[in-house]
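The data block below is data15.cif; it holds mmCIF, C-alpha atoms.
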data_final
loop_
_atom_site.group_PDB
_atom_site.id
_atom_site.type_symbol
_atom_site.label_atom_id
_atom_site.label_comp_id
_atom_site.auth_asym_id
_atom_site.auth_seq_id
_atom_site.Cartn_x
_atom_site.Cartn_y
_atom_site.Cartn_z
ATOM 1 C CA MET A 1 7.615 28.828 -1.473
ATOM 2 C CA SER A 2 6.660 25.392 -2.756
ATOM 3 C CA ASP A 3 5.811 24.880 -6.420
ATOM 4 C CA ASN A 4 2.198 23.680 -6.596
ATOM 5 C CA THR A 5 2.624 22.604 -10.218
ATOM 6 C CA LEU A 6 4.886 19.768 -9.089
ATOM 7 C CA GLY A 7 3.025 16.523 -8.521
ATOM 8 C CA ALA A 8 -0.126 17.701 -10.288
ATOM 9 C CA PHE A 9 -1.061 14.139 -11.256
ATOM 10 C CA MET A 10 -0.369 12.839 -7.762
ATOM 11 C CA GLU A 11 -2.532 15.575 -6.252
ATOM 12 C CA GLU A 12 -5.507 14.764 -8.476
ATOM 13 C CA GLU A 13 -5.119 11.062 -7.828
ATOM 14 C CA LEU A 14 -4.680 11.161 -4.075
ATOM 15 C CA THR A 15 -7.604 13.549 -3.576
ATOM 16 C CA SER A 16 -9.886 11.324 -5.673
ATOM 17 C CA GLN A 17 -9.473 8.362 -3.331
ATOM 18 C CA PRO A 18 -12.799 8.633 -1.456
ATOM 19 C CA GLU A 19 -14.672 8.688 -4.777
ATOM 20 C CA VAL A 20 -12.850 5.744 -6.349
ATOM 21 C CA TRP A 21 -13.106 3.742 -3.124
ATOM 22 C CA ARG A 22 -16.893 4.021 -3.405
ATOM 23 C CA ARG A 23 -16.713 2.623 -6.929
ATOM 24 C CA ALA A 24 -14.545 -0.267 -5.784
ATOM 25 C CA ILE A 25 -16.958 -1.160 -2.984
ATOM 26 C CA ILE A 26 -19.838 -1.289 -5.461
ATOM 27 C CA GLN A 27 -17.781 -3.317 -7.921
ATOM 28 C CA ALA A 28 -16.659 -5.791 -5.271
ATOM 29 C CA GLY A 29 -20.270 -6.298 -4.245
ATOM 30 C CA SER A 30 -21.292 -7.101 -7.816
ATOM 31 C CA GLU A 31 -18.497 -9.555 -8.622
ATOM 32 C CA SER A 32 -17.513 -12.971 -7.284
ATOM 33 C CA LEU A 33 -14.012 -13.282 -8.693
ATOM 34 C CA LEU A 34 -11.930 -13.655 -5.556
ATOM 35 C CA PRO A 35 -11.134 -17.036 -3.948
ATOM 36 C CA ALA A 36 -13.853 -18.695 -1.916
ATOM 37 C CA ASP A 37 -13.624 -18.872 1.850
ATOM 38 C CA GLY A 38 -11.453 -21.720 3.076
ATOM 39 C CA LEU A 39 -9.136 -21.873 0.069
ATOM 40 C CA ARG A 40 -5.402 -21.554 0.615
ATOM 41 C CA ILE A 41 -4.164 -18.572 -1.338
ATOM 42 C CA ALA A 42 -1.004 -16.626 -2.013
ATOM 43 C CA VAL A 43 -1.021 -12.933 -2.911
ATOM 44 C CA ILE A 44 1.893 -11.468 -4.855
ATOM 45 C CA GLY A 45 3.019 -8.035 -5.958
ATOM 46 C CA CYS A 46 6.022 -5.759 -6.245
ATOM 47 C CA GLY A 47 6.713 -2.608 -4.260
ATOM 48 C CA THR A 48 3.464 -0.919 -3.261
ATOM 49 C CA SER A 49 1.416 -3.873 -4.507
ATOM 50 C CA TRP A 50 3.383 -6.219 -2.258
ATOM 51 C CA PHE A 51 2.482 -4.119 0.775
ATOM 52 C CA MET A 52 -1.202 -4.173 -0.208
ATOM 53 C CA ALA A 53 -0.860 -7.950 -0.519
ATOM 54 C CA GLN A 54 0.475 -8.054 3.037
ATOM 55 C CA SER A 55 -2.486 -6.071 4.350
ATOM 56 C CA TYR A 56 -5.034 -8.233 2.543
ATOM 57 C CA ALA A 57 -3.335 -11.456 3.629
ATOM 58 C CA ALA A 58 -3.386 -10.443 7.287
ATOM 59 C CA ALA A 59 -7.002 -9.273 7.094
ATOM 60 C CA ARG A 60 -8.257 -12.380 5.274
ATOM 61 C CA GLU A 61 -6.588 -14.827 7.603
ATOM 62 C CA SER A 62 -7.650 -12.852 10.690
ATOM 63 C CA ALA A 63 -11.224 -12.949 9.396
ATOM 64 C CA GLY A 64 -11.070 -16.747 9.345
ATOM 65 C CA LYS A 65 -11.374 -16.945 5.556
ATOM 66 C CA GLY A 66 -8.426 -19.278 5.052
ATOM 67 C CA VAL A 67 -4.641 -19.480 4.963
ATOM 68 C CA THR A 68 -3.339 -16.440 3.097
ATOM 69 C CA ASP A 69 0.326 -15.673 2.456
ATOM 70 C CA ALA A 70 1.843 -12.590 0.830
ATOM 71 C CA PHE A 71 5.037 -12.625 -1.223
ATOM 72 C CA ALA A 72 7.136 -10.217 -3.181
ATOM 73 C CA ALA A 73 6.724 -11.651 -6.681
ATOM 74 C CA SER A 74 10.473 -12.148 -7.036
ATOM 75 C CA GLU A 75 10.567 -14.226 -3.838
ATOM 76 C CA ALA A 76 7.337 -16.173 -4.125
ATOM 77 C CA PHE A 77 7.566 -19.794 -2.942
ATOM 78 C CA LEU A 78 4.753 -21.186 -5.054
ATOM 79 C CA ASN A 79 6.189 -24.228 -6.797
ATOM 80 C CA SER A 80 7.550 -26.177 -3.821
ATOM 81 C CA ASN A 81 6.816 -29.891 -3.564
ATOM 82 C CA SER A 82 5.993 -29.445 0.105
ATOM 83 C CA VAL A 83 2.303 -29.968 0.889
ATOM 84 C CA ASP A 84 2.340 -26.835 3.028
ATOM 85 C CA ARG A 85 3.407 -24.763 0.002
ATOM 86 C CA ARG A 86 0.530 -25.753 -2.247
ATOM 87 C CA TYR A 87 -1.978 -23.007 -2.910
ATOM 88 C CA ASP A 88 -5.455 -23.290 -4.366
ATOM 89 C CA VAL A 89 -5.308 -19.836 -5.966
ATOM 90 C CA VAL A 90 -2.700 -17.124 -6.520
ATOM 91 C CA VAL A 91 -3.777 -13.473 -6.596
ATOM 92 C CA ALA A 92 -1.511 -10.928 -8.293
ATOM 93 C CA ILE A 93 -1.783 -7.179 -7.703
ATOM 94 C CA THR A 94 -0.215 -4.970 -10.364
ATOM 95 C CA ARG A 95 -1.149 -1.466 -11.494
ATOM 96 C CA SER A 96 0.505 -1.641 -14.898
ATOM 97 C CA GLY A 97 0.117 -5.337 -15.650
ATOM 98 C CA THR A 98 3.599 -5.252 -17.182
ATOM 99 C CA THR A 99 5.867 -5.876 -14.200
ATOM 100 C CA THR A 100 8.375 -8.534 -15.205
ATOM 101 C CA GLU A 101 8.458 -10.534 -11.976
ATOM 102 C CA VAL A 102 4.667 -10.798 -11.785
ATOM 103 C CA LEU A 103 4.359 -11.861 -15.416
ATOM 104 C CA GLU A 104 7.025 -14.517 -14.878
ATOM 105 C CA VAL A 105 5.174 -16.009 -11.913
ATOM 106 C CA LEU A 106 1.868 -16.144 -13.763
ATOM 107 C CA THR A 107 3.550 -17.685 -16.800
ATOM 108 C CA GLN A 108 5.018 -20.434 -14.602
ATOM 109 C CA LEU A 109 1.657 -21.108 -12.958
ATOM 110 C CA LYS A 110 -0.519 -21.072 -16.075
ATOM 111 C CA GLY A 111 -2.442 -24.314 -16.346
ATOM 112 C CA ILE A 112 -1.159 -25.448 -12.945
ATOM 113 C CA VAL A 113 -2.636 -23.111 -10.329
ATOM 114 C CA PRO A 114 -5.630 -20.807 -10.928
ATOM 115 C CA THR A 115 -4.622 -17.143 -10.928
ATOM 116 C CA ILE A 116 -6.445 -13.850 -10.467
ATOM 117 C CA ALA A 117 -4.996 -10.479 -11.452
ATOM 118 C CA ILE A 118 -6.061 -7.147 -9.968
ATOM 119 C CA ILE A 119 -4.950 -4.503 -12.444
ATOM 120 C CA GLY A 120 -5.285 -0.867 -13.429
ATOM 121 C CA ASP A 121 -4.420 -1.181 -17.118
ATOM 122 C CA THR A 122 -6.954 -3.591 -18.592
ATOM 123 C CA ALA A 123 -5.116 -3.663 -21.931
ATOM 124 C CA SER A 124 -1.891 -4.971 -20.393
ATOM 125 C CA PRO A 125 -0.230 -8.347 -21.145
ATOM 126 C CA ILE A 126 -1.305 -9.865 -17.863
ATOM 127 C CA VAL A 127 -4.878 -10.128 -19.136
ATOM 128 C CA GLY A 128 -3.836 -13.047 -21.334
ATOM 129 C CA LEU A 129 -2.040 -14.843 -18.503
ATOM 130 C CA ALA A 130 -4.444 -14.703 -15.572
ATOM 131 C CA ASP A 131 -7.458 -16.982 -15.344
ATOM 132 C CA ALA A 132 -9.580 -14.118 -14.004
ATOM 133 C CA VAL A 133 -9.078 -10.364 -14.105
ATOM 134 C CA ILE A 134 -10.381 -7.717 -11.724
ATOM 135 C CA GLY A 135 -10.054 -4.454 -13.605
ATOM 136 C CA LEU A 136 -9.819 -1.140 -11.789
ATOM 137 C CA PRO A 137 -9.131 1.210 -14.728
ATOM 138 C CA TYR A 138 -10.805 4.130 -12.979
ATOM 139 C CA ALA A 139 -8.107 3.890 -10.290
ATOM 140 C CA ASP A 140 -5.162 3.814 -12.696
ATOM 141 C CA GLU A 141 -2.685 6.675 -12.487
ATOM 142 C CA ARG A 142 -0.327 8.862 -14.499
ATOM 143 C CA SER A 143 1.939 9.632 -11.553
ATOM 144 C CA VAL A 144 4.808 7.196 -11.080
ATOM 145 C CA VAL A 145 4.242 7.354 -7.310
ATOM 146 C CA GLN A 146 1.177 5.226 -6.561
ATOM 147 C CA THR A 147 -1.634 6.391 -4.337
ATOM 148 C CA ARG A 148 -5.180 5.589 -5.405
ATOM 149 C CA PHE A 149 -4.614 2.345 -7.326
ATOM 150 C CA ALA A 150 -3.035 0.684 -4.318
ATOM 151 C CA THR A 151 -5.659 1.802 -1.828
ATOM 152 C CA THR A 152 -8.511 1.073 -4.229
ATOM 153 C CA ALA A 153 -7.255 -2.463 -4.803
ATOM 154 C CA LEU A 154 -7.102 -2.953 -1.041
ATOM 155 C CA VAL A 155 -10.598 -1.499 -0.598
ATOM 156 C CA TYR A 156 -11.891 -4.017 -3.140
ATOM 157 C CA LEU A 157 -10.149 -6.851 -1.328
ATOM 158 C CA LEU A 158 -11.272 -5.807 2.149
ATOM 159 C CA THR A 159 -14.852 -5.354 0.967
ATOM 160 C CA SER A 160 -14.813 -9.005 -0.100
ATOM 161 C CA LEU A 161 -14.161 -9.860 3.543
ATOM 162 C CA ASP A 162 -17.408 -8.109 4.557
ATOM 163 C CA ILE A 163 -15.506 -5.200 6.123
ATOM 164 C CA ASP A 164 -17.498 -1.958 6.236
ATOM 165 C CA LEU A 165 -15.319 0.784 4.769
ATOM 166 C CA ALA A 166 -17.839 3.619 4.919
ATOM 167 C CA PRO A 167 -15.925 5.117 7.903
ATOM 168 C CA ALA A 168 -12.727 5.016 5.851
ATOM 169 C CA ILE A 169 -14.332 7.042 3.070
ATOM 170 C CA GLU A 170 -15.718 9.612 5.481
ATOM 171 C CA ASP A 171 -12.388 10.041 7.238
ATOM 172 C CA ALA A 172 -10.455 10.150 3.967
ATOM 173 C CA GLN A 173 -12.537 13.023 2.643
ATOM 174 C CA ALA A 174 -11.241 15.192 5.464
ATOM 175 C CA ALA A 175 -7.724 13.754 5.291
ATOM 176 C CA VAL A 176 -7.084 14.621 1.638
ATOM 177 C CA ALA A 177 -8.561 18.102 1.993
ATOM 178 C CA GLY A 178 -6.802 19.091 5.218
ATOM 179 C CA GLU A 179 -3.837 21.389 5.660
ATOM 180 C CA VAL A 180 -0.435 19.891 6.369
ATOM 181 C CA ALA A 181 1.126 21.064 9.630
ATOM 182 C CA GLN A 182 4.459 22.831 9.344
ATOM 183 C CA GLU A 183 6.106 20.415 11.750
ATOM 184 C CA LEU A 184 5.292 17.562 9.343
ATOM 185 C CA LEU A 185 6.730 19.509 6.421
ATOM 186 C CA ASP A 186 9.928 20.266 8.315
ATOM 187 C CA ALA A 187 10.472 16.891 10.011
ATOM 188 C CA GLU A 188 13.854 15.263 9.478
ATOM 189 C CA GLN A 189 12.735 11.643 9.657
ATOM 190 C CA PHE A 190 9.564 9.502 9.710
ATOM 191 C CA THR A 191 8.913 6.056 11.159
ATOM 192 C CA PHE A 192 5.589 4.344 10.412
ATOM 193 C CA LEU A 193 4.107 1.605 12.602
ATOM 194 C CA GLY A 194 1.216 -0.809 12.207
ATOM 195 C CA THR A 195 -0.440 -3.813 13.803
ATOM 196 C CA GLY A 196 -2.146 -6.720 12.069
ATOM 197 C CA TRP A 197 -3.385 -5.743 8.623
ATOM 198 C CA THR A 198 -2.070 -2.191 9.041
ATOM 199 C CA VAL A 199 1.582 -3.307 9.057
ATOM 200 C CA GLY A 200 1.355 -3.332 5.262
ATOM 201 C CA LEU A 201 0.034 0.235 5.375
ATOM 202 C CA ALA A 202 3.003 1.292 7.492
ATOM 203 C CA HIS A 203 5.437 -0.215 5.000
ATOM 204 C CA GLU A 204 3.609 1.493 2.138
ATOM 205 C CA ALA A 205 3.681 4.868 3.918
ATOM 206 C CA GLY A 206 7.429 4.563 4.363
ATOM 207 C CA LEU A 207 7.908 3.660 0.709
ATOM 208 C CA LYS A 208 5.785 6.610 -0.472
ATOM 209 C CA MET A 209 7.926 9.117 1.356
ATOM 210 C CA ARG A 210 11.181 7.528 0.227
ATOM 211 C CA GLU A 211 10.031 7.594 -3.385
ATOM 212 C CA ALA A 212 8.586 11.092 -3.496
ATOM 213 C CA VAL A 213 10.674 12.979 -0.942
ATOM 214 C CA GLN A 214 13.941 11.010 -1.012
ATOM 215 C CA GLY A 215 13.555 11.044 2.753
ATOM 216 C CA TRP A 216 14.779 8.907 5.613
ATOM 217 C CA THR A 217 11.814 6.715 6.485
ATOM 218 C CA GLU A 218 11.440 3.413 8.277
ATOM 219 C CA SER A 219 8.519 1.092 9.032
ATOM 220 C CA TYR A 220 7.897 -1.698 11.516
ATOM 221 C CA PRO A 221 5.228 -3.747 13.260
ATOM 222 C CA ALA A 222 4.337 -1.546 16.211
ATOM 223 C CA MET A 223 5.341 -4.083 18.850
ATOM 224 C CA GLU A 224 8.793 -4.364 17.265
ATOM 225 C CA TYR A 225 9.469 -0.645 17.483
ATOM 226 C CA ARG A 226 10.703 -0.722 21.047
ATOM 227 C CA HIS A 227 13.091 -3.562 20.222
ATOM 228 C CA GLY A 228 15.670 -1.132 18.886
ATOM 229 C CA PRO A 229 14.181 1.242 16.282
ATOM 230 C CA ILE A 230 12.838 3.654 18.902
ATOM 231 C CA SER A 231 16.459 4.645 19.473
ATOM 232 C CA ILE A 232 16.270 7.042 16.512
ATOM 233 C CA ALA A 233 13.188 8.876 17.817
ATOM 234 C CA ALA A 234 14.099 12.456 18.726
ATOM 235 C CA PRO A 235 12.869 16.033 18.485
ATOM 236 C CA GLY A 236 12.296 16.992 14.864
ATOM 237 C CA ARG A 237 11.415 13.407 13.922
ATOM 238 C CA VAL A 238 8.016 11.723 13.559
ATOM 239 C CA THR A 239 6.600 8.357 14.594
ATOM 240 C CA TRP A 240 3.223 7.674 12.963
ATOM 241 C CA LEU A 241 0.979 4.807 14.078
ATOM 242 C CA PHE A 242 -1.686 3.076 11.982
ATOM 243 C CA GLY A 243 -4.343 1.149 13.861
ATOM 244 C CA ASP A 244 -4.335 -0.130 17.428
ATOM 245 C CA GLU A 245 -1.883 1.350 19.895
ATOM 246 C CA PRO A 246 0.276 -1.043 21.927
ATOM 247 C CA GLU A 247 0.088 -0.503 25.664
ATOM 248 C CA GLY A 248 2.641 1.971 26.951
ATOM 249 C CA LEU A 249 3.789 3.203 23.541
ATOM 250 C CA ALA A 250 2.444 6.726 24.020
ATOM 251 C CA ASN A 251 4.379 7.152 27.270
ATOM 252 C CA ASP A 252 7.551 5.793 25.715
ATOM 253 C CA MET A 253 7.175 8.159 22.772
ATOM 254 C CA ALA A 254 6.665 11.161 25.046
ATOM 255 C CA ALA A 255 10.062 10.519 26.594
ATOM 256 C CA THR A 256 11.784 10.680 23.186
ATOM 257 C CA GLY A 257 10.683 14.192 22.257
ATOM 258 C CA ALA A 258 9.630 13.015 18.788
ATOM 259 C CA LEU A 259 6.269 13.978 17.324
ATOM 260 C CA TYR A 260 3.931 11.041 17.840
ATOM 261 C CA VAL A 261 1.017 10.880 15.387
ATOM 262 C CA ARG A 262 -1.863 8.680 16.485
ATOM 263 C CA SER A 263 -5.402 9.196 15.216
ATOM 264 C CA ASP A 264 -8.809 7.609 15.662
ATOM 265 C CA ASN A 265 -9.328 7.944 11.915
ATOM 266 C CA HIS A 266 -9.629 4.793 9.851
ATOM 267 C CA PRO A 267 -6.143 3.480 8.962
ATOM 268 C CA LEU A 268 -6.837 3.746 5.224
ATOM 269 C CA ALA A 269 -7.722 7.403 5.707
ATOM 270 C CA GLU A 270 -4.480 7.875 7.596
ATOM 271 C CA LEU A 271 -2.593 6.437 4.617
ATOM 272 C CA ALA A 272 -4.381 8.952 2.395
ATOM 273 C CA ARG A 273 -3.258 11.636 4.839
ATOM 274 C CA VAL A 274 0.331 10.427 4.489
ATOM 275 C CA HIS A 275 -0.081 10.770 0.725
ATOM 276 C CA LYS A 276 -1.043 14.414 1.216
ATOM 277 C CA VAL A 277 1.884 15.057 3.563
ATOM 278 C CA THR A 278 4.239 13.337 1.119
ATOM 279 C CA LEU A 279 3.087 15.515 -1.768
ATOM 280 C CA GLU A 280 3.527 18.740 0.170
ATOM 281 C CA ARG A 281 6.937 17.682 1.504
ATOM 282 C CA ALA A 282 8.062 16.918 -2.047
ATOM 283 C CA ARG A 283 6.849 20.290 -3.277
ATOM 284 C CA ALA A 284 8.579 22.095 -0.429
ATOM 285 C CA ARG A 285 11.837 20.495 -1.566
ATOM 286 C CA GLY A 286 11.328 21.223 -5.258
ATOM 287 C CA LEU A 287 10.780 17.546 -6.123
ATOM 288 C CA ASN A 288 8.239 16.150 -8.572
ATOM 289 C CA PRO A 289 6.570 12.957 -7.305
ATOM 290 C CA ASP A 290 4.999 12.396 -10.709
ATOM 291 C CA LEU A 291 8.514 11.678 -12.015
ATOM 292 C CA PRO A 292 10.714 10.671 -9.062
ATOM 293 C CA ARG A 293 14.411 10.041 -9.396
ATOM 294 C CA ASN A 294 15.459 6.592 -10.692
ATOM 295 C CA LEU A 295 11.877 5.297 -10.904
ATOM 296 C CA THR A 296 9.474 4.383 -13.702
ATOM 297 C CA ARG A 297 5.784 3.472 -13.729
ATOM 298 C CA SER A 298 6.592 -0.222 -14.176
ATOM 299 C CA VAL A 299 9.738 -2.280 -13.730
ATOM 300 C CA ILE A 300 10.279 -4.144 -16.983
ATOM 301 C CA LEU A 301 13.514 -6.126 -16.877
ATOM 302 C CA ASP A 302 15.644 -6.826 -19.921
ATOM 303 C CA ALA A 303 16.030 -10.582 -20.172
ATOM 304 C CA THR A 304 19.204 -10.148 -22.239
ATOM 305 C CA ALA A 305 20.933 -7.920 -19.674
#

Would it be possible to restate this file's structure as structure tokens?
Amino acid sequence: MSDNTLGAFMEEELTSQPEVWRRAIIQAGSESLLPADGLRIAVIGCGTSWFMAQSYAAARESAGKGVTDAFAASEAFLNSNSVDRRYDVVVAITRSGTTTEVLEVLTQLKGIVPTIAIIGDTASPIVGLADAVIGLPYADERSVVQTRFATTALVYLLTSLDIDLAPAIEDAQAAVAGEVAQELLDAEQFTFLGTGWTVGLAHEAGLKMREAVQGWTESYPAMEYRHGPISIAAPGRVTWLFGDEPEGLANDMAATGALYVRSDNHPLAELARVHKVTLERARARGLNPDLPRNLTRSVILDATA
């Protein structure tokens, strides 16, 4: 039997997502802190926040709002002399507001490029570095493994693009309350796929299961999957698609014998469903996703090391 006391924080946080998404939609509608349409922007983050940056960047540029690039904070090309590398605004996503790489980037940019921070902890050091702060304290978390802060930040960002997320909330209510099928609990391996803005969701889903379950997970743009990665699909393994389905993928998956998960639910709701599956898989293995192996809430690097 699984221990339902494991991941108690994660459970409370992942199931609260529909409620906190509603708050973020209202907040986004009442604020005008994000870059104006047409500005060239870069979005940075680490880990989960980087994947949310990817999703927002793809959605903003696809919506015709302006050039939008996403970078891992440690690999952000923001200070190049090339004209093509000059950004009007840099947006940083960070739950804790203490992540070393993000703080370093904002320190380098202070007084040079306007910056906006989207944070969970509104008492964190980043408040003094960013030119504007979007605080989501009601989405902050005690679990090391992120769920609601990441999705709530993305909901805020997508709402600013005039995207209606009411269907996401409705679908997520069922997703976080549903039972997890035994075949998902027992699966040996998961691959997550996305298209467009949902590629970031696929990467985040893979990271969640690696963190919490110590499992073998992979993630790819859906059209790349058949360029090699499909070779690992087999009975007892899962391929899970977010968003639009490439032509012919369902038939190709049927031939592999793997479980193919494809839903008409909103992709954000499907990510919330992955959170639920991840929690129950961790519990079934006696793992605590609130305190996963080798991980902490924030990566704070020792400059003297």

inquiry  = Every residue with an atom at most 10 Å from (-12.7, -21.6, 3.3) (file coordinates; only C-alpha atoms) is what I'm after, so could you write them as a PyMOL selection string?
reply    = chain A and resi 35-40+64-67

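Restricting the calculation to only C-alpha atoms, the smallest distance between Gly45 (chain A) and any of A:Ala63, A:Val89, A:Ala24, A:Ile119 is found for A:Ile119.
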
Written as a PDB file with C-alpha atoms, in the frame of the given file, which residues does the PyMOL selection byres ((chain A and resi 17) around 9) give for the file shown?
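Output (result_18.pdb):
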ATOM      1  CA  GLU A  13      -5.119  11.062  -7.828  1.00  0.00           C
ATOM      2  CA  LEU A  14      -4.680  11.161  -4.075  1.00  0.00           C
ATOM      3  CA  THR A  15      -7.604  13.549  -3.576  1.00  0.00           C
ATOM      4  CA  SER A  16      -9.886  11.324  -5.673  1.00  0.00           C
ATOM      5  CA  PRO A  18     -12.799   8.633  -1.456  1.00  0.00           C
ATOM      6  CA  GLU A  19     -14.672   8.688  -4.777  1.00  0.00           C
ATOM      7  CA  VAL A  20     -12.850   5.744  -6.349  1.00  0.00           C
ATOM      8  CA  TRP A  21     -13.106   3.742  -3.124  1.00  0.00           C
ATOM      9  CA  ARG A  22     -16.893   4.021  -3.405  1.00  0.00           C
ATOM     10  CA  ALA A 139      -8.107   3.890 -10.290  1.00  0.00           C
ATOM     11  CA  THR A 147      -1.634   6.391  -4.337  1.00  0.00           C
ATOM     12  CA  ARG A 148      -5.180   5.589  -5.405  1.00  0.00           C
ATOM     13  CA  PHE A 149      -4.614   2.345  -7.326  1.00  0.00           C
ATOM     14  CA  THR A 151      -5.659   1.802  -1.828  1.00  0.00           C
ATOM     15  CA  THR A 152      -8.511   1.073  -4.229  1.00  0.00           C
ATOM     16  CA  ILE A 169     -14.332   7.042   3.070  1.00  0.00           C
ATOM     17  CA  ALA A 172     -10.455  10.150   3.967  1.00  0.00           C
ATOM     18  CA  GLN A 173     -12.537  13.023   2.643  1.00  0.00           C
ATOM     19  CA  VAL A 176      -7.084  14.621   1.638  1.00  0.00           C
ATOM     20  CA  ALA A 272      -4.381   8.952   2.395  1.00  0.00           C
TER      21      ALA A 272
END

message = If we count only C-alpha atoms and set the cut-off at 12 Å, which residues sit around Phe9 (chain A), ignoring sequence neighbours fewer than 6 positions away in its own chain? Please answer as a PyMOL selection string.
response = chain A and resi 15-16+140-148+279+288-291

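Distances here use all atoms listed in the file; by that measure, the residue among A:Ala42, A:Ala254, A:Ala72, A:Ala153 closest to Arg95 (chain A) is A:Ala153.
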